[in-house]
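This report concerns only the one structure given below.
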Amino acid sequence: RAKDEGGGMHFNYVPSLHADAEERRTLELSLRNAIGKEELELNFQPVVNARTEEVVSFEALLRWNSSEHGFVSPGKFIPLAEDTRLIVPIGTWVLQEACRTAVRWPDDIKVAVNVSGEQLLERDFTANVVKALADSGLPAHRLEVEVTESVFLRDGRLANQTLEEILALGCSIALDDFGTGYSSLGYLRDLRFSTIKVDRSFVQGASCDSQESLAIIRAVVAMASSLEMTTTAEGVETAEQAAMIRELGCTKIQGFYFGRPMTTADAHVLVTKRRAA
Ligand code: C2E
Ligand code: MG
Ligand code: MG
Ligand code: MG
């Protein structure tokens with residue numbers, strides 16, 4: 001009997017592993033065709049000046065509406081795209097599309113684009129940025145590249161070198177999800193980031209009963225300011241959080257409270273309405 005049960009457990013275990021691999025494989029096949037089938041789209045989430053609450057930029061966020069799988073969340077398909085290196089052609093499309101969109105906004109509004117380590121380590125990354133700017137006519141100073149600490153892990157020297165080229169073009173660089181990564185501060189010394197984005201776990205953890213998150217945000221703001229960098233608080237969802245973040249001295253705010261990621265058309269309405277007002 002014991003032997004039978006053991007065999008049964010083994011038998012149940014394998015098909016579920018197989019189903020996972022199978023799902024990933026079909027998802028990967030669909031993702032491979034997603035650009036050609038025009039299933040990818042960018043949404044844009046506003047980032048506001050913490051004091052004036054004016055929109056200063058939008059972050060481009062990728063969306064995939066698959067004809068085969070329906071809406072697939074970025075938390076699922078971005079890691080898959082990174083593992084399969086599909087993020088390289090997809091990321092090139094994102095850069096092009098983000099620049100094409102932003103060039104139609106008022107010229108004091110920037111666009112921020114997320115870039116994965118796989119893209120940064122590609123030989124022609126800088127050339128892709130140059131081409132996206134040239135094709136769209138977007139001035140380099142209106143493009144911000146967002147990277148997380150993880151891009152420095154595999155080949156930190158090459159990542160730094162590429163980001164220096166991006167800075168030399170006149171673009172700015174933001175350090176995304178700060179505080180959740182590997183907490184090496186060396187890259188803050190080595191590279192001139194314009195903005196540190198404080199991860200939403202600190203923003204949402206900060207309250208009167210969590211002095212720890214408050215203390216961490218305060219310290220990041222002080223450090224950024226000494227390094228002549230600005231700070232953006234991510235994931236601000238309530239008026240209370242917005243007030244607290246302003247109190248702590250963050251430069252910019254991003255979160256559902258000021259605006260969810262929206263379509264290109266809605267983002268355009270938001271910035272043109274602002275100008276008319
Ligand atoms: P991220 O770069 O940190 O982007 C911010 C994420 O937080 C977005 O999730 C956004 O929708 C979400 N968010 C914004 N405000 C709030 C809030 O108030 N509350 C909560 N709970 N969430 C908020 P999203 O769009 O699902 O993207 C997830 C991640 O996928 C991004 O995190 C980024 O790492 C990656 N990603 C998205 N688009 C791209 C892309 O074009 N290229 C690359 N390489 N990665 C991308
Ligand atoms: Mg980001
Ligand atoms: Mg982030
Ligand atoms: Mg993130």
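Identifiers in this document derive from the order of the structure tokens: chains are assigned A, B, ..., residues are numbered from 1 separately in each chain, and ligands are numbered from 1 in order of occurrence.
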(request) May I ask you to write as a VMD selection string all residues lying at most 8 Å from ligand 3, with only C-alpha atoms and all ligand atoms counted? (result) chain A and resid 176 to 178 197 to 200 234
(request) Could the residues that lie within 12 Å of ligand 4, counting only C-alpha atoms and all ligand atoms, be listed as a ChimeraX atom specification? (result) /A:59,61,74-75,78-79,114-116,146-150,175-181,197-201,234-235
DSSP-assigned strand (DSSP E) members of stretch 68-199 of chain A, reported as a JSON list (two decimals) with N, CA and C atoms, in the first residue's frame:
[["chain", "number", "residue", "atom", "x", "y", "z"],
["A", 70, "GLY", "N", -6.06, 36.30, -23.92],
["A", 70, "GLY", "CA", -6.71, 37.45, -23.30],
["A", 70, "GLY", "C", -5.68, 38.41, -22.73],
["A", 71, "PHE", "N", -6.08, 39.19, -21.75],
["A", 71, "PHE", "CA", -5.16, 40.13, -21.13],
["A", 71, "PHE", "C", -4.18, 39.38, -20.23],
["A", 72, "VAL", "N", -2.89, 39.54, -20.50],
["A", 72, "VAL", "CA", -1.87, 38.88, -19.68],
["A", 72, "VAL", "C", -1.15, 39.98, -18.89],
["A", 110, "LYS", "N", 8.02, 64.90, -19.85],
["A", 110, "LYS", "CA", 8.92, 63.82, -20.24],
["A", 110, "LYS", "C", 8.19, 62.49, -20.34],
["A", 111, "VAL", "N", 8.86, 61.52, -20.96],
["A", 111, "VAL", "CA", 8.35, 60.15, -20.93],
["A", 111, "VAL", "C", 9.44, 59.26, -20.33],
["A", 112, "ALA", "N", 9.01, 58.33, -19.45],
["A", 112, "ALA", "CA", 9.95, 57.39, -18.83],
["A", 112, "ALA", "C", 9.68, 56.00, -19.37],
["A", 113, "VAL", "N", 10.76, 55.32, -19.76],
["A", 113, "VAL", "CA", 10.65, 53.99, -20.36],
["A", 113, "VAL", "C", 11.44, 52.99, -19.51],
["A", 114, "ASN", "N", 10.81, 51.87, -19.17],
["A", 114, "ASN", "CA", 11.49, 50.81, -18.41],
["A", 114, "ASN", "C", 12.41, 50.01, -19.33],
["A", 143, "LEU", "N", 13.42, 62.20, -22.70],
["A", 143, "LEU", "CA", 13.36, 60.74, -22.49],
["A", 143, "LEU", "C", 14.13, 60.36, -21.23],
["A", 144, "GLU", "N", 13.45, 59.65, -20.34],
["A", 144, "GLU", "CA", 14.09, 59.12, -19.14],
["A", 144, "GLU", "C", 14.08, 57.59, -19.23],
["A", 145, "VAL", "N", 15.23, 57.00, -18.93],
["A", 145, "VAL", "CA", 15.34, 55.54, -18.94],
["A", 145, "VAL", "C", 15.26, 55.05, -17.50],
["A", 146, "GLU", "N", 14.35, 54.12, -17.22],
["A", 146, "GLU", "CA", 14.23, 53.56, -15.86],
["A", 146, "GLU", "C", 14.91, 52.20, -15.79],
["A", 147, "VAL", "N", 15.84, 52.07, -14.87],
["A", 147, "VAL", "CA", 16.47, 50.76, -14.65],
["A", 147, "VAL", "C", 16.34, 50.38, -13.17],
["A", 148, "THR", "N", 16.36, 49.09, -12.88],
["A", 148, "THR", "CA", 16.40, 48.65, -11.48],
["A", 148, "THR", "C", 17.84, 48.26, -11.15],
["A", 172, "SER", "N", 17.88, 61.28, -19.35],
["A", 172, "SER", "CA", 18.11, 61.11, -17.92],
["A", 172, "SER", "C", 17.84, 59.66, -17.53],
["A", 173, "ILE", "N", 18.32, 59.29, -16.34],
["A", 173, "ILE", "CA", 18.18, 57.91, -15.89],
["A", 173, "ILE", "C", 17.57, 57.88, -14.49],
["A", 174, "ALA", "N", 16.58, 57.02, -14.31],
["A", 174, "ALA", "CA", 15.96, 56.87, -13.00],
["A", 174, "ALA", "C", 16.28, 55.49, -12.45],
["A", 175, "LEU", "N", 16.47, 55.42, -11.13],
["A", 175, "LEU", "CA", 16.71, 54.14, -10.47],
["A", 175, "LEU", "C", 15.37, 53.68, -9.87],
["A", 176, "ASP", "N", 14.81, 52.62, -10.46],
["A", 176, "ASP", "CA", 13.45, 52.17, -10.17],
["A", 176, "ASP", "C", 13.41, 51.22, -8.97],
["A", 177, "ASP", "N", 12.28, 51.17, -8.30],
["A", 177, "ASP", "CA", 12.02, 50.18, -7.23],
["A", 177, "ASP", "C", 13.10, 50.23, -6.15],
["A", 178, "PHE", "N", 13.59, 51.43, -5.83],
["A", 178, "PHE", "CA", 14.72, 51.53, -4.91],
["A", 178, "PHE", "C", 14.38, 50.97, -3.54],
["A", 195, "THR", "N", 16.89, 60.64, -10.82],
["A", 195, "THR", "CA", 15.80, 60.35, -9.88],
["A", 195, "THR", "C", 15.95, 58.98, -9.24],
["A", 196, "ILE", "N", 15.65, 58.91, -7.95],
["A", 196, "ILE", "CA", 15.52, 57.63, -7.27],
["A", 196, "ILE", "C", 14.03, 57.40, -7.02],
["A", 197, "LYS", "N", 13.51, 56.27, -7.53],
["A", 197, "LYS", "CA", 12.09, 55.97, -7.31],
["A", 197, "LYS", "C", 11.96, 55.05, -6.10],
["A", 198, "VAL", "N", 11.34, 55.58, -5.05],
["A", 198, "VAL", "CA", 11.19, 54.83, -3.80],
["A", 198, "VAL", "C", 10.09, 53.79, -3.99]]
(message) Could you list, as a list in words, every residue within 9 Å of stretch 100-103 of chain A, counting only C-alpha atoms and ignoring same-chain residues fewer than 5 positions away?
(response) Phe58, Leu95, Ile109, Lys110, Val111, Ala132, Leu133, Asp135, Ser136, Gly137, Leu138, Pro139, Arg142, Leu143, Thr264 and His268 of chain A
(request) Give me the residues within 9 Å of A:Ile245 as a ChimeraX atom specification, counting only C-alpha atoms and dropping any in the same chain fewer than 4 places off. (result) /A:50,203,217,233,236,240-241,249-253
(request) Could you tell me how far atom CA of A:Leu227 lies from atom CA of A:Leu191, in Å and to one decimal? (result)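 For atom CA of A:Leu227 relative to atom CA of A:Leu191, the distance reads 10.5 Å.
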(request) Run DSSP on the backbone of this structure and report the residues of stretch 48-105 of chain A it assigns to alpha helix (DSSP H), as an MDAnalysis selection string. (result) chainID A and resid 74:83 87:102
(request) Skip A:Val47 itself and residues of its chain fewer than 5 positions away, then list as a PyMOL selection string all residues within 9 Å of it, counting only C-alpha atoms. (result) chain A and resi 53-59+232+252-255+258-259
Take the residues that were just selected and, keeping all heavy atoms, output them as a short mmCIF file (atom, residue, chain, number, x, y, z; two decimals), in the first residue's frame.
data_model
loop_
_atom_site.label_atom_id
_atom_site.label_comp_id
_atom_site.auth_asym_id
_atom_site.auth_seq_id
_atom_site.Cartn_x
_atom_site.Cartn_y
_atom_site.Cartn_z
N GLU A 53 1.45 69.50 -7.80
CA GLU A 53 0.58 68.44 -8.32
C GLU A 53 0.40 68.53 -9.83
O GLU A 53 -0.50 67.93 -10.41
CB GLU A 53 -0.77 68.42 -7.59
CG GLU A 53 -0.60 68.19 -6.10
CD GLU A 53 -1.90 67.90 -5.36
OE1 GLU A 53 -2.97 67.93 -5.98
OE2 GLU A 53 -1.82 67.63 -4.14
N GLU A 54 1.28 69.27 -10.50
CA GLU A 54 1.25 69.32 -11.96
C GLU A 54 1.93 68.08 -12.55
O GLU A 54 2.93 67.60 -12.00
CB GLU A 54 2.00 70.56 -12.46
CG GLU A 54 1.12 71.78 -12.55
CD GLU A 54 1.80 72.87 -13.35
OE1 GLU A 54 2.88 73.32 -12.93
OE2 GLU A 54 1.25 73.23 -14.41
N VAL A 55 1.41 67.61 -13.69
CA VAL A 55 2.01 66.46 -14.36
C VAL A 55 3.37 66.87 -14.92
O VAL A 55 3.48 67.85 -15.66
CB VAL A 55 1.12 65.95 -15.50
CG1 VAL A 55 1.81 64.80 -16.25
CG2 VAL A 55 -0.23 65.48 -14.96
N VAL A 56 4.42 66.12 -14.55
CA VAL A 56 5.75 66.44 -15.07
C VAL A 56 6.22 65.39 -16.07
O VAL A 56 7.08 65.65 -16.91
CB VAL A 56 6.80 66.61 -13.95
CG1 VAL A 56 6.50 67.87 -13.14
CG2 VAL A 56 6.85 65.40 -13.04
N SER A 57 5.68 64.18 -15.96
CA SER A 57 6.07 63.13 -16.90
C SER A 57 5.03 62.02 -16.87
O SER A 57 4.11 62.03 -16.05
CB SER A 57 7.44 62.55 -16.52
OG SER A 57 7.38 61.93 -15.25
N PHE A 58 5.20 61.07 -17.80
CA PHE A 58 4.41 59.84 -17.78
C PHE A 58 5.37 58.67 -17.85
O PHE A 58 6.37 58.73 -18.58
CB PHE A 58 3.50 59.75 -19.01
CG PHE A 58 2.30 60.66 -18.99
CD1 PHE A 58 2.37 61.92 -19.54
CD2 PHE A 58 1.09 60.22 -18.44
CE1 PHE A 58 1.25 62.76 -19.54
CE2 PHE A 58 -0.02 61.05 -18.44
CZ PHE A 58 0.06 62.32 -19.00
N GLU A 59 5.04 57.59 -17.13
CA GLU A 59 5.79 56.35 -17.29
C GLU A 59 5.05 55.46 -18.29
O GLU A 59 3.85 55.22 -18.14
CB GLU A 59 5.95 55.60 -15.96
CG GLU A 59 6.70 54.27 -16.14
CD GLU A 59 7.04 53.56 -14.84
OE1 GLU A 59 6.61 54.01 -13.76
OE2 GLU A 59 7.73 52.52 -14.91
N THR A 232 11.13 60.11 -6.43
CA THR A 232 9.72 59.89 -6.80
C THR A 232 9.17 58.81 -5.89
O THR A 232 9.79 57.75 -5.74
CB THR A 232 9.62 59.41 -8.27
OG1 THR A 232 10.19 60.39 -9.13
CG2 THR A 232 8.16 59.19 -8.67
N LYS A 252 8.60 64.07 -6.40
CA LYS A 252 7.52 63.71 -7.31
C LYS A 252 6.70 62.55 -6.75
O LYS A 252 7.19 61.78 -5.91
CB LYS A 252 8.10 63.32 -8.68
CG LYS A 252 8.65 64.50 -9.46
CD LYS A 252 9.50 64.07 -10.65
CE LYS A 252 10.89 63.70 -10.21
NZ LYS A 252 11.75 63.25 -11.32
N ILE A 253 5.48 62.43 -7.24
CA ILE A 253 4.57 61.37 -6.78
C ILE A 253 3.96 60.65 -7.98
O ILE A 253 3.57 61.28 -8.96
CB ILE A 253 3.42 61.95 -5.92
CG1 ILE A 253 3.98 62.68 -4.70
CG2 ILE A 253 2.45 60.85 -5.50
CD1 ILE A 253 2.91 63.23 -3.76
N GLN A 254 3.91 59.32 -7.87
CA GLN A 254 3.26 58.50 -8.90
C GLN A 254 2.37 57.50 -8.16
O GLN A 254 2.78 56.91 -7.17
CB GLN A 254 4.34 57.75 -9.69
CG GLN A 254 3.80 56.85 -10.79
CD GLN A 254 4.94 56.21 -11.60
OE1 GLN A 254 6.12 56.44 -11.34
NE2 GLN A 254 4.57 55.38 -12.57
N GLY A 255 1.16 57.32 -8.63
CA GLY A 255 0.30 56.35 -7.97
C GLY A 255 -1.14 56.52 -8.38
O GLY A 255 -1.52 57.51 -9.01
N PHE A 258 -3.19 59.91 -8.05
CA PHE A 258 -3.14 60.98 -9.05
C PHE A 258 -3.46 60.50 -10.45
O PHE A 258 -3.72 61.30 -11.34
CB PHE A 258 -1.77 61.68 -9.02
CG PHE A 258 -1.59 62.56 -7.83
CD1 PHE A 258 -0.76 62.19 -6.79
CD2 PHE A 258 -2.29 63.76 -7.74
CE1 PHE A 258 -0.61 63.00 -5.67
CE2 PHE A 258 -2.15 64.59 -6.63
CZ PHE A 258 -1.32 64.20 -5.59
N GLY A 259 -3.43 59.20 -10.68
CA GLY A 259 -3.80 58.69 -12.00
C GLY A 259 -3.31 57.28 -12.21
O GLY A 259 -2.18 56.95 -11.86
#
(request) Find the residue from A:Thr84, A:Ser225, A:Gln119, A:Asn33 that sits nearest to ligand 1; use only C-alpha atoms and all ligand atoms when measuring. (result)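 For ligand 1, the nearest of the given residues is A:Gln119.
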